[in-house]
Every structure is written in C-alpha cells, then in structure tokens.
Amino acid sequence: MLTANYLGKELFGLIFQTIFYYFSLNYFNRLMVKKSRAFYYIRAAGAMIIICFGYYAARHFLFPENSSGEKATIPQPAIFIFSYTVSSIFLTGVSILLAYLNNLRDEKKNARYWRRKRCSWKWINRRPILNF
C-alpha cells in the first residue's frame, strides 16, 4: 500500500544507491586504472560495507516497519544485523564487479584501437614517398 512512510523509504533508497554506485564505481575504476595493490581494494571495500550498513541501519530507524496483525512479532536484532551485513557485502561486491567489467571493456577497446592504429601505420609506411 502506498503510504508516505513507504514512499519516503523508497526515495531514500533510490537516492542512496544512486550516490553510492556513482562514488564506489568511480573509486574502484580509478583503482583499477592505476593498477593499485590489493590493500587499497580491501580498504575501499571495507569502507563501502560500513557505509552500506549505516544506510540500512538508518533506513530501519527512520522508516520502521509497521506490523499489522495479532501474531506479528518483531525479529531479533541479530537477524537485522545479519541481513544488513549480507546486503552490504552484496552491494559492494556488485560495485566491484561492475567496475571490473567496465575496466575489461575499456582495455579491450584500447587494444582494438591500438591494433588498428598499428595496422594503419604499417600501411602508411609501405607507400612510396615521392618527392619531386
């Protein structure tokens, strides 16, 4: 059912994920272009996981779930922590995967460009140069 709480929660999620993917994809792509060591990837992934966990916790406290019905029970905090952690790891993993695939595509495109450039230079160098 469309309520103000539900719409606010969805809008909050949309804005967060847009900003999160913008910064995380750019940062991971920059690390891949620079060919950084694994330490920097682990540090960035840890920071992204903490940021995502904070987002889920803020969303849970700002937009609480309404329990309707007589037998509705509130889950234990351990379930929330576990699900937020798994979701945070998943979002960070998707960000790393997308940055990696983008980097592969760029490397393939650059290799194809330089291969064509090299072939065109071979063709140019084979033509006779006539100076009159």
# chains A, B, ... in the order shown; residues from 1 in each chain; ligands from 1
$ residues_around --residues "stretch 11-25 of chain A" --least-positions-apart "3" --cutoff "8 Å" --atoms "only C-alpha atoms" --output "PyMOL selection string"
chain A and resi 7-8+28-29+48+55+59+95-96+98-99
$ closest_residue --among "A:Ala58, A:Ile50, A:Ile79, A:Met32" --to "A:Leu91" --atoms "only C-alpha atoms"
A:Ile50
$ closest_residue --among "A:Tyr27, A:Lys108, A:Val94, A:Lys9" --to "A:Tyr41" --atoms "only C-alpha atoms"
A:Tyr27
$ select_by_dssp --residues "chain A" --states "helix (DSSP H, G or I)" --output "PyMOL selection string"
chain A and resi 4-34+38-62+77-126
$ residues_around --residues "A:Ile81" --least-positions-apart "5" --cutoff "10 Å" --atoms "only C-alpha atoms" --output "count of residues only"
6
$ closest_residue --among "A:Pro75, A:Gly93, A:Phe80, A:Tyr6" --to "A:Gly46" --atoms "only C-alpha atoms"
A:Gly93
$ atom_distance --atom1 "atom CA of A:Leu97" --atom2 "atom CA of A:Ala45"
11.7 Å
$ decode --residues "stretch 95-108 of chain A" --atoms "all heavy atoms" --output "mmCIF file, in the first residue's frame"
data_model
loop_
_atom_site.group_PDB
_atom_site.id
_atom_site.type_symbol
_atom_site.label_atom_id
_atom_site.label_comp_id
_atom_site.auth_asym_id
_atom_site.auth_seq_id
_atom_site.Cartn_x
_atom_site.Cartn_y
_atom_site.Cartn_z
ATOM 1 N N SER A 95 29.306 -3.568 -6.939
ATOM 2 C CA SER A 95 30.045 -2.377 -7.350
ATOM 3 C C SER A 95 31.433 -2.751 -7.875
ATOM 4 O O SER A 95 31.867 -2.242 -8.914
ATOM 5 C CB SER A 95 30.162 -1.417 -6.167
ATOM 6 O OG SER A 95 30.849 -0.270 -6.538
ATOM 7 N N ILE A 96 32.119 -3.647 -7.179
ATOM 8 C CA ILE A 96 33.441 -4.090 -7.633
ATOM 9 C C ILE A 96 33.324 -4.835 -8.960
ATOM 10 O O ILE A 96 34.126 -4.624 -9.878
ATOM 11 C CB ILE A 96 34.117 -4.969 -6.566
ATOM 12 C CG1 ILE A 96 34.432 -4.141 -5.324
ATOM 13 C CG2 ILE A 96 35.395 -5.613 -7.104
ATOM 14 C CD1 ILE A 96 34.889 -4.957 -4.143
ATOM 15 N N LEU A 97 32.332 -5.688 -9.085
ATOM 16 C CA LEU A 97 32.146 -6.448 -10.324
ATOM 17 C C LEU A 97 31.866 -5.531 -11.506
ATOM 18 O O LEU A 97 32.444 -5.698 -12.591
ATOM 19 C CB LEU A 97 31.007 -7.457 -10.164
ATOM 20 C CG LEU A 97 30.670 -8.279 -11.397
ATOM 21 C CD1 LEU A 97 31.825 -9.198 -11.757
ATOM 22 C CD2 LEU A 97 29.398 -9.068 -11.179
ATOM 23 N N LEU A 98 30.998 -4.550 -11.333
ATOM 24 C CA LEU A 98 30.699 -3.622 -12.423
ATOM 25 C C LEU A 98 31.920 -2.796 -12.815
ATOM 26 O O LEU A 98 32.162 -2.557 -14.003
ATOM 27 C CB LEU A 98 29.539 -2.704 -12.036
ATOM 28 C CG LEU A 98 28.164 -3.362 -11.975
ATOM 29 C CD1 LEU A 98 27.143 -2.380 -11.430
ATOM 30 C CD2 LEU A 98 27.756 -3.869 -13.331
ATOM 31 N N ALA A 99 32.705 -2.364 -11.829
ATOM 32 C CA ALA A 99 33.914 -1.612 -12.142
ATOM 33 C C ALA A 99 34.910 -2.503 -12.888
ATOM 34 O O ALA A 99 35.566 -2.060 -13.834
ATOM 35 C CB ALA A 99 34.545 -1.065 -10.864
ATOM 36 N N TYR A 100 35.019 -3.760 -12.502
ATOM 37 C CA TYR A 100 35.931 -4.693 -13.167
ATOM 38 C C TYR A 100 35.499 -4.940 -14.609
ATOM 39 O O TYR A 100 36.321 -4.921 -15.524
ATOM 40 C CB TYR A 100 35.990 -6.005 -12.386
ATOM 41 C CG TYR A 100 36.828 -7.060 -13.053
ATOM 42 C CD1 TYR A 100 38.214 -6.938 -13.103
ATOM 43 C CD2 TYR A 100 36.238 -8.169 -13.638
ATOM 44 C CE1 TYR A 100 38.986 -7.900 -13.717
ATOM 45 C CE2 TYR A 100 37.002 -9.137 -14.256
ATOM 46 C CZ TYR A 100 38.372 -8.993 -14.289
ATOM 47 O OH TYR A 100 39.141 -9.944 -14.903
ATOM 48 N N LEU A 101 34.216 -5.170 -14.824
ATOM 49 C CA LEU A 101 33.722 -5.398 -16.183
ATOM 50 C C LEU A 101 33.906 -4.157 -17.053
ATOM 51 O O LEU A 101 34.247 -4.262 -18.240
ATOM 52 C CB LEU A 101 32.258 -5.819 -16.154
ATOM 53 C CG LEU A 101 31.979 -7.195 -15.540
ATOM 54 C CD1 LEU A 101 30.488 -7.444 -15.453
ATOM 55 C CD2 LEU A 101 32.672 -8.291 -16.319
ATOM 56 N N ASN A 102 33.707 -2.993 -16.487
ATOM 57 C CA ASN A 102 33.930 -1.754 -17.219
ATOM 58 C C ASN A 102 35.402 -1.604 -17.596
ATOM 59 O O ASN A 102 35.736 -1.192 -18.703
ATOM 60 C CB ASN A 102 33.467 -0.561 -16.393
ATOM 61 C CG ASN A 102 33.568 0.731 -17.152
ATOM 62 O OD1 ASN A 102 33.252 0.790 -18.324
ATOM 63 N ND2 ASN A 102 34.024 1.759 -16.469
ATOM 64 N N ASN A 103 36.281 -1.958 -16.677
ATOM 65 C CA ASN A 103 37.706 -1.881 -16.938
ATOM 66 C C ASN A 103 38.114 -2.868 -18.035
ATOM 67 O O ASN A 103 38.923 -2.536 -18.908
ATOM 68 C CB ASN A 103 38.492 -2.140 -15.653
ATOM 69 C CG ASN A 103 39.948 -1.810 -15.804
ATOM 70 O OD1 ASN A 103 40.303 -0.861 -16.469
ATOM 71 N ND2 ASN A 103 40.791 -2.597 -15.172
ATOM 72 N N LEU A 104 37.565 -4.073 -18.020
ATOM 73 C CA LEU A 104 37.852 -5.043 -19.074
ATOM 74 C C LEU A 104 37.406 -4.527 -20.433
ATOM 75 O O LEU A 104 38.110 -4.672 -21.436
ATOM 76 C CB LEU A 104 37.149 -6.370 -18.791
ATOM 77 C CG LEU A 104 37.783 -7.290 -17.771
ATOM 78 C CD1 LEU A 104 36.932 -8.538 -17.616
ATOM 79 C CD2 LEU A 104 39.182 -7.667 -18.175
ATOM 80 N N ARG A 105 36.239 -3.938 -20.477
ATOM 81 C CA ARG A 105 35.716 -3.403 -21.731
ATOM 82 C C ARG A 105 36.615 -2.290 -22.253
ATOM 83 O O ARG A 105 36.926 -2.231 -23.442
ATOM 84 C CB ARG A 105 34.295 -2.880 -21.519
ATOM 85 C CG ARG A 105 33.635 -2.333 -22.773
ATOM 86 C CD ARG A 105 32.302 -1.724 -22.437
ATOM 87 N NE ARG A 105 32.414 -0.651 -21.463
ATOM 88 C CZ ARG A 105 32.594 0.626 -21.782
ATOM 89 N NH1 ARG A 105 32.695 0.993 -23.031
ATOM 90 N NH2 ARG A 105 32.675 1.542 -20.845
ATOM 91 N N ASP A 106 37.067 -1.410 -21.362
ATOM 92 C CA ASP A 106 37.940 -0.318 -21.779
ATOM 93 C C ASP A 106 39.284 -0.833 -22.292
ATOM 94 O O ASP A 106 39.808 -0.337 -23.276
ATOM 95 C CB ASP A 106 38.173 0.658 -20.638
ATOM 96 C CG ASP A 106 36.971 1.543 -20.370
ATOM 97 O OD1 ASP A 106 36.082 1.600 -21.247
ATOM 98 O OD2 ASP A 106 36.930 2.169 -19.300
ATOM 99 N N GLU A 107 39.842 -1.843 -21.605
ATOM 100 C CA GLU A 107 41.115 -2.396 -22.060
ATOM 101 C C GLU A 107 40.975 -3.056 -23.424
ATOM 102 O O GLU A 107 41.854 -2.923 -24.276
ATOM 103 C CB GLU A 107 41.640 -3.404 -21.041
ATOM 104 C CG GLU A 107 42.204 -2.761 -19.793
ATOM 105 C CD GLU A 107 42.696 -3.783 -18.801
ATOM 106 O OE1 GLU A 107 42.574 -4.995 -19.047
ATOM 107 O OE2 GLU A 107 43.217 -3.354 -17.754
ATOM 108 N N LYS A 108 39.871 -3.747 -23.640
ATOM 109 C CA LYS A 108 39.644 -4.387 -24.933
ATOM 110 C C LYS A 108 39.488 -3.334 -26.029
ATOM 111 O O LYS A 108 40.019 -3.473 -27.124
ATOM 112 C CB LYS A 108 38.399 -5.263 -24.864
ATOM 113 C CG LYS A 108 38.164 -6.110 -26.075
ATOM 114 C CD LYS A 108 36.899 -6.922 -25.906
ATOM 115 C CE LYS A 108 37.257 -8.368 -25.871
ATOM 116 N NZ LYS A 108 36.075 -9.226 -25.830
#
